[in-house]
Amino acid sequence: MEKTRPMFRGEIWVKNDKIACVVNGEDLENDNMKDFPKISWDVEIDCRDNLLMPGFKDAHTHSAMVFLRSYADDLPLDRWLKEKIFPAEAKLTEEDIFQLTRLAVLEYLTSGITSIFDMYLTSDSTAEACLDMGMRCVLTSGLNDFTSSIERMEEQYNRWNRKNSLISYQLGFHAEYTCSKELLYHVAQLAHKYSAPVFTHLAETRKEVDECMARYGMTPAVFLETIGIFDYGGGGFHCIHMTGDDVDVFSRRRLSVVTNSASNLKLASGIAPIAEFERRKIPVAIGTDGAASNNCLDMFREMFLVAGLSKMREEDAASLNAMKVLRMATADGAKVMCLPKCDVLAKGKQADIIMIDLHQPNMQPLHDIHGNLVYSGSKSNVCMTMINGRILYRNGEFFVGESVERIYAECDRIVKRIFGTTNT
Ligand SMILES: [Zn+2]
């Protein structure tokens, strides 16, 4: 995914949590190795001419929402949220969120996802679960008028940006429509104090935009800019119902978009103007959103939908190509998530690497490997997921320090307690 270096045949050397070397196969064959140190490795893996690439970045998710998978499908968004999702979430404990996040991490690993950008009720349990499993996680606050507080967000911002290289924290809030103007002023003050970007759900539904217009006479993006929320950058999740002024705000403030195609499609929220963002050079990343609305945490399906829906909206099949979508799902996702060391496979970068099995029918022939990944690929092609130099998933087996069946059983216990049934 390096812009200046096309795909090539070779080796990747990993030492501790970093990529020590990316060696071109021609150098290996010509024995032109005098510039490279002689190292005896702990493990050598024959990748059998498969593809090594940077892991996918799931740039917007709510991991613990896996407990709501297929629980309240086929409802309009506002009824879904108010009648089903919020009451169920009110019964969650911090321990529940820890256990449920572990289930989500298993699913991320099977889809080659090596970093997540997670917003949920309590960041601490999410972070602890990711540390427990070895998952890289960028946390953001789901702050609103009813949960969390400015003080708590600041405390978590300072704690999780210092503690461990796997975890980082970005300022955020749930959405304009769940936060008072006063609370948003305090978020802006915090952004100024730390010169920090701010992330939020934005322009997901037409109703959200109409209500903000009625409240403040402005769209959410324009209103938030006037408050100073975006003075140090940041971005929006969804960004579907965007006016020309909104796109100008994003361009002017160098904001990023995280698109969530499957969730938007299933909740009938709309189709984001991805091609317009591309034309305006606004960075776009891809997120699964939570399992309550998606319902799976799978970047292959997302990539296909981002490409397909954008083409449909533009009525132009040439408006977005596979390479651009693949870049959104990897290198651009890393940029949006403030993970500059996780974008490409190069010396000194974090060893967040996945292997794609090309010895499967849907990956043959190899006219264009980017097209194969975006249009024909599936998570069944992921045969290895490495994060921070640790192989956590390989050939269908997990190496996360915990029995998978025990994680399923814990989640089942939580579902039974909250709903009184497993819905089966
Ligand atoms: Zn969301």
# chains A, B, ... in the order shown; residues from 1 in each chain; ligands from 1
>>> closest_atom_pairs(of="chain A", to="ligand 1", cutoff="7 Å", atoms="only C-alpha atoms and all ligand atoms", output="Markdown table")
| residue | atom | partner | partner_atom_place_in_ligand_line | distance |
| --- | --- | --- | --- | --- |
| A:His60 | CA | ligand 1 | 1 (Zn) | 6.4 |
| A:Thr61 | CA | ligand 1 | 1 (Zn) | 6.0 |
| A:His62 | CA | ligand 1 | 1 (Zn) | 6.5 |
| A:His201 | CA | ligand 1 | 1 (Zn) | 6.4 |
| A:Phe237 | CA | ligand 1 | 1 (Zn) | 6.7 |
| A:Asp289 | CA | ligand 1 | 1 (Zn) | 4.9 |
| A:Gly290 | CA | ligand 1 | 1 (Zn) | 6.3 |
>>> closest_atom_pairs(of="segment 116-155 of chain A", to="segment 342-360 of chain A", cutoff="12 Å", atoms="only C-alpha atoms", output="Markdown table")
| residue | atom | partner | partner_atom | distance |
| --- | --- | --- | --- | --- |
| A:Ile116 | CA | A:Cys342 | CA | 11.7 |
| A:Gly134 | CA | A:Asp352 | CA | 11.1 |
| A:Met135 | CA | A:Asp352 | CA | 10.0 |
| A:Arg136 | CA | A:Asp352 | CA | 9.0 |
| A:Cys137 | CA | A:Cys342 | CA | 11.7 |
>>> write_last_selection(atoms="N, CA and C atoms", output="PDB file, in the first residue's frame")
ATOM      1  N   ILE A 116      -9.112  -1.101  15.487  1.00  0.00           N
ATOM      2  CA  ILE A 116     -10.500  -0.638  15.520  1.00  0.00           C
ATOM      3  C   ILE A 116     -10.560   0.759  16.131  1.00  0.00           C
ATOM      4  N   GLY A 134      -4.852  -8.652  22.726  1.00  0.00           N
ATOM      5  CA  GLY A 134      -3.761  -8.224  21.840  1.00  0.00           C
ATOM      6  C   GLY A 134      -4.234  -7.419  20.646  1.00  0.00           C
ATOM      7  N   MET A 135      -5.438  -6.843  20.740  1.00  0.00           N
ATOM      8  CA  MET A 135      -6.031  -6.061  19.642  1.00  0.00           C
ATOM      9  C   MET A 135      -5.610  -4.603  19.724  1.00  0.00           C
ATOM     10  N   ARG A 136      -5.313  -3.974  18.580  1.00  0.00           N
ATOM     11  CA  ARG A 136      -5.021  -2.538  18.604  1.00  0.00           C
ATOM     12  C   ARG A 136      -6.335  -1.750  18.559  1.00  0.00           C
ATOM     13  N   CYS A 137      -6.466  -0.799  19.446  1.00  0.00           N
ATOM     14  CA  CYS A 137      -7.739  -0.089  19.574  1.00  0.00           C
ATOM     15  C   CYS A 137      -7.524   1.403  19.798  1.00  0.00           C
TER      16      CYS A 137
END
>>> closest_residue(among="A:Val247, A:Leu52, A:Ile167, A:Val66", to="Ser115 of chain A", atoms="only C-alpha atoms")
A:Ile167
>>> atom_distance(atom1="atom CA of Ser263 of chain A", atom2="atom CA of Val198 of chain A")
22.0 Å
>>> residues_around(residues="Ala292 of chain A", least_positions_apart="6", cutoff="7 Å", atoms="only C-alpha atoms", output="ChimeraX atom specification")
/A:65-66,68-70
>>> atom_distance(atom1="atom CA of Glu151 of chain A", atom2="atom CA of Leu171 of chain A")
11.9 Å
>>> residues_around(residues="Ser380 of chain A", least_positions_apart="3", cutoff="12 Å", atoms="only C-alpha atoms", output="PyMOL selection string")
chain A and resi 107+109-112+298-301+355-363+373+376-377+383-384+394-396
>>> residues_around(residues="Lys324 of chain A", least_positions_apart="4", cutoff="12 Å", atoms="only C-alpha atoms", output="list in words")
Met1, Lys3, Ile274, Ala275, Glu278, Pro283, Val284, Ala285, Ile286, Met303, Phe304, Val306, Ala307, Ala318, Ser319, Leu320, Met328, Ala329, Thr330, Ala331, Asp332, Gly333, His370, Gly371, Leu373 and Val374 of chain A
>>> select_by_dssp(residues="segment 50-87 of chain A", states="strand (DSSP E or B)", output="list of chain:residue names")
A:Leu51, A:Leu52, A:Met53, A:Pro54, A:Phe56, A:Lys57, A:Asp58, A:Ala59, A:His60, A:Thr61
>>> write_last_selection(atoms="N, CA and C atoms", output="PDB file, in the first residue's frame")
ATOM      1  N   LEU A  51      -0.566 -13.465  -0.362  1.00  0.00           N
ATOM      2  CA  LEU A  51      -0.415 -12.017  -0.273  1.00  0.00           C
ATOM      3  C   LEU A  51      -0.274 -11.570   1.179  1.00  0.00           C
ATOM      4  N   LEU A  52       0.793 -10.813   1.451  1.00  0.00           N
ATOM      5  CA  LEU A  52       0.897 -10.123   2.737  1.00  0.00           C
ATOM      6  C   LEU A  52       0.523  -8.667   2.510  1.00  0.00           C
ATOM      7  N   MET A  53      -0.309  -8.142   3.367  1.00  0.00           N
ATOM      8  CA  MET A  53      -0.728  -6.739   3.220  1.00  0.00           C
ATOM      9  C   MET A  53      -1.009  -6.157   4.609  1.00  0.00           C
ATOM     10  N   PRO A  54      -1.091  -4.821   4.709  1.00  0.00           N
ATOM     11  CA  PRO A  54      -1.417  -4.240   6.008  1.00  0.00           C
ATOM     12  C   PRO A  54      -2.803  -4.690   6.446  1.00  0.00           C
ATOM     13  N   PHE A  56      -6.617  -4.595   7.967  1.00  0.00           N
ATOM     14  CA  PHE A  56      -7.701  -3.626   7.762  1.00  0.00           C
ATOM     15  C   PHE A  56      -7.912  -2.781   9.018  1.00  0.00           C
ATOM     16  N   LYS A  57      -8.316  -1.527   8.790  1.00  0.00           N
ATOM     17  CA  LYS A  57      -8.618  -0.612   9.892  1.00  0.00           C
ATOM     18  C   LYS A  57     -10.129  -0.412   9.919  1.00  0.00           C
ATOM     19  N   ASP A  58     -10.771  -0.917  10.946  1.00  0.00           N
ATOM     20  CA  ASP A  58     -12.216  -0.723  11.114  1.00  0.00           C
ATOM     21  C   ASP A  58     -12.393   0.599  11.837  1.00  0.00           C
ATOM     22  N   ALA A  59     -12.656   1.666  11.069  1.00  0.00           N
ATOM     23  CA  ALA A  59     -12.536   3.025  11.597  1.00  0.00           C
ATOM     24  C   ALA A  59     -13.786   3.546  12.313  1.00  0.00           C
ATOM     25  N   HIS A  60     -14.805   2.705  12.423  1.00  0.00           N
ATOM     26  CA  HIS A  60     -15.938   3.075  13.297  1.00  0.00           C
ATOM     27  C   HIS A  60     -16.692   1.819  13.713  1.00  0.00           C
ATOM     28  N   THR A  61     -16.669   1.546  15.010  1.00  0.00           N
ATOM     29  CA  THR A  61     -17.393   0.382  15.510  1.00  0.00           C
ATOM     30  C   THR A  61     -17.825   0.612  16.949  1.00  0.00           C
TER      31      THR A  61
END
>>> atom_distance(atom1="atom CA of Thr126 of chain A", atom2="atom CA of Asp145 of chain A")
21.0 Å
>>> residues_around(residues="Glu44 of chain A", least_positions_apart="2", cutoff="12 Å", atoms="only C-alpha atoms", output="PyMOL selection string")
chain A and resi 11-15+39-42+46-47
>>> select_by_dssp(residues="segment 38-286 of chain A", states="helix (DSSP H, G or I)", output="ChimeraX atom specification")
/A:63-68,77-89,94-110,123-133,150-160,176-178,181-194,206-216,220-227,244-252,261-266,274-279
>>> residues_around(residues="Ser148 of chain A", least_positions_apart="6", cutoff="10 Å", atoms="only C-alpha atoms", output="PDB file with N, CA and C atoms, in the first residue's frame")
ATOM      1  N   LEU A 121     -20.069   2.974  25.626  1.00  0.00           N
ATOM      2  CA  LEU A 121     -20.527   3.579  26.880  1.00  0.00           C
ATOM      3  C   LEU A 121     -19.372   3.803  27.842  1.00  0.00           C
ATOM      4  N   THR A 122     -18.522   2.780  27.980  1.00  0.00           N
ATOM      5  CA  THR A 122     -17.362   2.944  28.837  1.00  0.00           C
ATOM      6  C   THR A 122     -16.125   2.463  28.100  1.00  0.00           C
ATOM      7  N   SER A 123     -15.174   3.355  27.940  1.00  0.00           N
ATOM      8  CA  SER A 123     -13.977   3.008  27.169  1.00  0.00           C
ATOM      9  C   SER A 123     -13.068   2.055  27.931  1.00  0.00           C
ATOM     10  N   SER A 141     -14.793   8.733  22.940  1.00  0.00           N
ATOM     11  CA  SER A 141     -15.891   8.786  23.903  1.00  0.00           C
ATOM     12  C   SER A 141     -17.241   8.838  23.199  1.00  0.00           C
ATOM     13  N   GLY A 142     -18.220   8.172  23.793  1.00  0.00           N
ATOM     14  CA  GLY A 142     -19.606   8.283  23.334  1.00  0.00           C
ATOM     15  C   GLY A 142     -20.365   9.291  24.183  1.00  0.00           C
ATOM     16  N   PHE A 173     -17.671  12.670  20.931  1.00  0.00           N
ATOM     17  CA  PHE A 173     -18.985  12.690  21.597  1.00  0.00           C
ATOM     18  C   PHE A 173     -19.956  11.962  20.693  1.00  0.00           C
TER      19      PHE A 173
END
>>> closest_residue(among="A:Ser403, A:Thr226, A:Ser125, A:Ser310", to="Ser261 of chain A", atoms="only C-alpha atoms")
A:Ser310
>>> closest_residue(among="A:Ala214, A:Leu267, A:Val249, A:Pro87", to="Asn295 of chain A", atoms="only C-alpha atoms")
A:Leu267
>>> closest_residue(among="A:Gly308, A:Thr200, A:Arg206, A:Asn372", to="Leu255 of chain A", atoms="only C-alpha atoms")
A:Thr200
>>> closest_residue(among="A:Arg413, A:His241, A:His367, A:Lys281", to="Ser256 of chain A", atoms="only C-alpha atoms")
A:Lys281
